[in-house]
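What follows is one structure encoded as C-alpha cells, with my remarks underneath.
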Amino acid sequence: MPAEGLNWLPKPELLTDDEIVRLVSIAVTELGVTEVRFTGGEPLLRPGLVAIVERCAALTPRPQISLTTNGIGLVRTATALRDAGLDRVNVSLDTLQPDVFQTMTRRKRHQDVLDGLAAARAACLAPVKVNAVLMPGLNDDEAPNLLAWAIENRYELRFIQQMPLDAQHGWKREGMVTAGDILASLRTRFALTPEHEEERGSAPAERWLVDGGPARVCVIASVTRPFCRACDRTRLTADGQVRTCLFAREETDLRAALRSGAPDAEVAERWRRAMWGKKACSGLDDPSFLQPQRPMSAIGG
C-alpha cells in the first residue's frame with residue numbers, strides 16, 4: 001500500500017448489490033461458472049456483503065462461494081457469512097512479526113488478523129487458507145516458521161509469488177523470491193513431496209505434502225512457473241469490468257450493458273466473447289511486458 005493510500009472509486013461507478021448478484025447469476029446460469037470468490041481490495045468493507053453471499057448461495061445450481069480478505073473484520077462477520085452460505089476463506093498474512101506486519105501493511109492490526117483467522121476456524125469456514133507473499137529483506141526468512149505455525153493452528157498455507165501488480169509500479173524481477181527459493185527454505189525443516197501433481201488441473205497452486213501429510217503447503221508462482229495453459233478464471237471488477245487475466249491491459253464493460261437495459265442473454269454474450277478473446281499467456285516472460293494500470297487492490301486476486 002502506498003504511504004499516501006489509494007483513491008476510492010466514486011460510488012456511482014461501483015456495481016450495486018443487485019448488479020453484482022445479477023452478474024453472478026448470469027455467470028452461474030448462462031456461462032457454467034461453478035465457483036465464485038469475493039475479493040478486493042477488502043470485501044469485508046462492503047456493507048451488503050453478507051446479503052450478497054446469501055443471494056448467490058441461493059442460485060441454482062449453487063456455486064461454491066469463497067472469500068479473500070485481510071482478515072481484520074472476520075471476528076465480527078465470520079459466523080454471519082457462514083450462515084449466509086460462505087464455504088471458505090483465504091486470509092492474507094505475510095509475517096508472524098507484528099513490526100514487520102506494520103511495515104508491510106502500514107497498520108498495527110497484526111493481532112486482529114490472528115483473531116480473524118481463529119474466528120473463521122471456529123465458524124468452520126474450512127479449510128481456512130492463509131496467503132503469504134515473501135519479499136526480499138522483509139520476510140523472506142519466515143517461510144519455515146509460517147508453515148510450522150500454520151500446521152499448529154490447522155490452517156493451509158499458500159505462498160504467493162510477488163507479482164507486477166503493485167500500485168507504485170516498482171516491481172522488478174531481479175531479487176524476487178521464486179518458488180525454488182520458497183521450497184528450498186521450507187526443506188531446511190520439512191520434507192516435501194508433490195501431492196497429486198497430475199490432478200492439478202486449472203488450480204494455480206502447486207501442492208506439497210508436509211512430512212508425508214496430511215498437512216500440506218501450496219506455492220502459486222505466476223511469474224516463474226506460469227499456469228496459463230489451464231487457467232479457467234474470469235474476473236469482474238467492482239466497477240463492472242471483465243478482465244480475462246490478472247495482467248490484462250484490456251477490459252470489457254458489463255456495467256454499461258446492465259445500465260442500458262441489456263437482457264441477460266446479451267450480457268452473457270459480451271462476457272463470453274471477452275473470454276474467447278483471452279490471450280494464450282500472461283506475457284510476463286516477454287521483454288515488452290507492461291504492467292496493467294490497475295493494481296492488485298483494484299483487480300481482485
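Labels for the C-alpha cells follow display order: chains A, B, ..., residues from 1 in each chain, ligands from 1.
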
Residues near Leu186 (chain A), anyone? I mean within 10 Å using only C-alpha atoms, not counting same-chain ones fewer than 2 positions away, as a PDB file with C-alpha atoms, in the first residue's frame.
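And here is the file that came out, result_20.pdb:
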ATOM      1  CA  ASP A 141      13.354 -15.768   6.007  1.00  0.00           C
ATOM      2  CA  GLU A 142       9.979 -16.635   7.545  1.00  0.00           C
ATOM      3  CA  ALA A 143       8.782 -19.495   5.330  1.00  0.00           C
ATOM      4  CA  PRO A 144       9.579 -22.378   7.757  1.00  0.00           C
ATOM      5  CA  ASN A 145       8.181 -20.501  10.754  1.00  0.00           C
ATOM      6  CA  LEU A 146       4.992 -19.626   8.883  1.00  0.00           C
ATOM      7  CA  LEU A 147       4.488 -23.248   7.873  1.00  0.00           C
ATOM      8  CA  ALA A 148       5.084 -24.565  11.406  1.00  0.00           C
ATOM      9  CA  GLY A 180      12.502 -22.529  -5.879  1.00  0.00           C
ATOM     10  CA  ASP A 181      13.647 -20.185  -3.113  1.00  0.00           C
ATOM     11  CA  ILE A 182      10.494 -20.876  -1.091  1.00  0.00           C
ATOM     12  CA  LEU A 183      10.729 -24.644  -1.441  1.00  0.00           C
ATOM     13  CA  ALA A 184      14.441 -24.666  -0.604  1.00  0.00           C
ATOM     14  CA  THR A 188      15.558 -26.866   5.667  1.00  0.00           C
ATOM     15  CA  ARG A 189      12.955 -28.022   8.216  1.00  0.00           C
ATOM     16  CA  PHE A 190      10.339 -30.139   6.423  1.00  0.00           C
ATOM     17  CA  ALA A 191      10.184 -32.989   3.921  1.00  0.00           C
ATOM     18  CA  LEU A 192       8.025 -32.033   0.934  1.00  0.00           C
ATOM     19  CA  VAL A 210       4.485 -31.850   4.510  1.00  0.00           C
ATOM     20  CA  VAL A 217       1.606 -26.348   1.714  1.00  0.00           C
TER      21      VAL A 217
END

As a PDB file with C-alpha atoms, in the first residue's frame, please: the residues near Pro61 (chain A) (cut-off 9 Å, only C-alpha atoms, same-chain neighbours under 2 positions excluded).
ATOM      1  CA  VAL A  28     -23.592 -19.333 -12.966  1.00  0.00           C
ATOM      2  CA  THR A  29     -26.696 -19.988 -15.060  1.00  0.00           C
ATOM      3  CA  THR A  34     -19.241 -23.181 -10.582  1.00  0.00           C
ATOM      4  CA  ALA A  58     -29.493 -19.384  -3.269  1.00  0.00           C
ATOM      5  CA  LEU A  59     -28.744 -19.625  -7.004  1.00  0.00           C
ATOM      6  CA  PRO A  63     -21.879 -22.219  -6.736  1.00  0.00           C
TER       7      PRO A  63
END

Given only C-alpha atoms, how would the per-residue table for region 11-56 of chain A near region 263-268 of chain A read, listing every residue at most 9 Å away with its closest atom pair and distance in Å to one decimal, sorted by chain and number, as a Markdown table?
| residue | atom | partner | partner_atom | distance |
| --- | --- | --- | --- | --- |
| A:Arg22 | CA | A:Asp264 | CA | 8.5 |
| A:Leu23 | CA | A:Val267 | CA | 8.4 |
| A:Ile26 | CA | A:Ala268 | CA | 6.4 |
| A:Ala27 | CA | A:Ala268 | CA | 7.3 |
| A:Glu30 | CA | A:Ala268 | CA | 6.6 |
| A:Leu31 | CA | A:Ala268 | CA | 7.0 |

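For Thr95 (chain A), the set of protein, DNA and RNA residues having any atom at most 7 Å away, when counting only C-alpha atoms and skipping those fewer than 3 positions along the same chain, is Val100, Phe101, Asn139 and Glu142 of chain A.
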
Could you build a table of the residues in region 94-131 of chain A lying no more than 9 Å from region 159-162 of chain A, giving for each the nearest pair of atoms and their separation in Å rounded to one decimal place, using only C-alpha atoms, ordered by chain and ascending residue number, as a Markdown table?
| residue | atom | partner | partner_atom | distance |
| --- | --- | --- | --- | --- |
| A:Asp94 | CA | A:Phe159 | CA | 8.8 |
| A:Val130 | CA | A:Phe159 | CA | 8.3 |
| A:Asn131 | CA | A:Phe159 | CA | 5.9 |

| Atomic distance CA of Arg55 (chain A) - CA of Asp17 (chain A), expressed in Å with one decimal |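 Going from CA of Arg55 (chain A) over to CA of Asp17 (chain A), I get 9.9 Å.
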
| field | Residues of region 33-123 of chain A in alpha helix (DSSP H), written as a PyMOL selection string | value | chain A and resi 49-57+74-84+98-105+110-122

| message | I want to know what sits within 10 Å of Arg216 (chain A), based on only C-alpha atoms, with residues of the same chain fewer than 6 positions away left out; could you give that as a list in words? | response |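 Once the nearby chain positions are removed, what remains is Leu147, Ala150, Ile151, Tyr155, Glu156, Leu157, Arg158, Leu192, Thr193, Pro194, Glu195, Arg207, Trp208, Leu209 and Val210 of chain A.
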
| Residue neighbourhood Val53 (chain A), 7 Å, only C-alpha atoms, exclusion window fewer than 2 positions, as a list in words | Leu49, Val50, Ala51, Arg55, Cys56, Ala57, Ala84, Gly85 and Leu86 of chain A

Keeping only C-alpha atoms, take the residues you just selected and write them out as a PDB file, in the first residue's frame.
ATOM      1  CA  LEU A  49     -21.619  -8.416   1.538  1.00  0.00           C
ATOM      2  CA  VAL A  50     -23.475 -10.871   3.790  1.00  0.00           C
ATOM      3  CA  ALA A  51     -26.710 -10.362   1.849  1.00  0.00           C
ATOM      4  CA  ARG A  55     -28.397 -14.376  -2.534  1.00  0.00           C
ATOM      5  CA  CYS A  56     -25.585 -16.008  -4.519  1.00  0.00           C
ATOM      6  CA  ALA A  57     -25.783 -19.147  -2.368  1.00  0.00           C
ATOM      7  CA  ALA A  84     -25.328 -16.808   4.644  1.00  0.00           C
ATOM      8  CA  GLY A  85     -23.666 -19.623   2.695  1.00  0.00           C
ATOM      9  CA  LEU A  86     -19.962 -18.797   2.540  1.00  0.00           C
TER      10      LEU A  86
END

| task | DSSP on the backbone, then: every residue of region 43-264 of chain A marked strand (DSSP E), written as a VMD selection string. | result | chain A and resid 64 to 69 88 to 92 129 to 132 156 to 160 192 to 194 206 to 210 216 to 220 235 to 236 241 to 243 252 to 253

| query | Which distance in Å separates CA of Pro214 (chain A) and CA of Leu125 (chain A), to one decimal? | reply | 18.5 Å

| request: Skip region 152-154 of chain A itself and residues of its chain fewer than 6 positions away, then list as an MDAnalysis selection string all residues within 10 Å of it, counting only C-alpha atoms. | output: chainID A and resid 117:118 121 126:129 146 215

Take the residues from that selection and put them in a file with N, CA and C atoms, as a CSV table (one decimal), in the first residue's frame.
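So out_23.csv came out as:
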chain,number,residue,atom,x,y,z
A,117,LEU,N,-8.6,-15.0,11.8
A,117,LEU,CA,-8.3,-16.4,11.4
A,117,LEU,C,-8.9,-17.4,12.4
A,118,ALA,N,-8.8,-17.1,13.7
A,118,ALA,CA,-9.4,-18.0,14.7
A,118,ALA,C,-10.9,-18.0,14.6
A,121,ARG,N,-11.9,-20.2,11.7
A,121,ARG,CA,-11.8,-21.6,12.0
A,121,ARG,C,-12.9,-22.0,12.9
A,126,ALA,N,-14.0,-24.0,6.5
A,126,ALA,CA,-12.8,-24.8,6.2
A,126,ALA,C,-12.7,-25.3,4.8
A,127,PRO,N,-11.5,-25.5,4.3
A,127,PRO,CA,-10.2,-25.2,5.0
A,127,PRO,C,-9.9,-23.7,5.1
A,128,VAL,N,-9.5,-23.2,6.2
A,128,VAL,CA,-9.0,-21.8,6.3
A,128,VAL,C,-7.6,-21.7,5.7
A,129,LYS,N,-7.5,-20.9,4.6
A,129,LYS,CA,-6.3,-20.8,3.9
A,129,LYS,C,-5.6,-19.5,4.2
A,146,LEU,N,6.4,-19.8,9.3
A,146,LEU,CA,5.0,-19.6,8.9
A,146,LEU,C,4.3,-21.0,8.7
A,215,ALA,N,-0.9,-32.7,6.5
A,215,ALA,CA,-0.7,-31.3,6.3
A,215,ALA,C,0.0,-31.1,4.9

| request: Could you tell me how far CA of Cys218 (chain A) lies from CA of Arg62 (chain A), in Å and to one decimal? | output: 26.8 Å
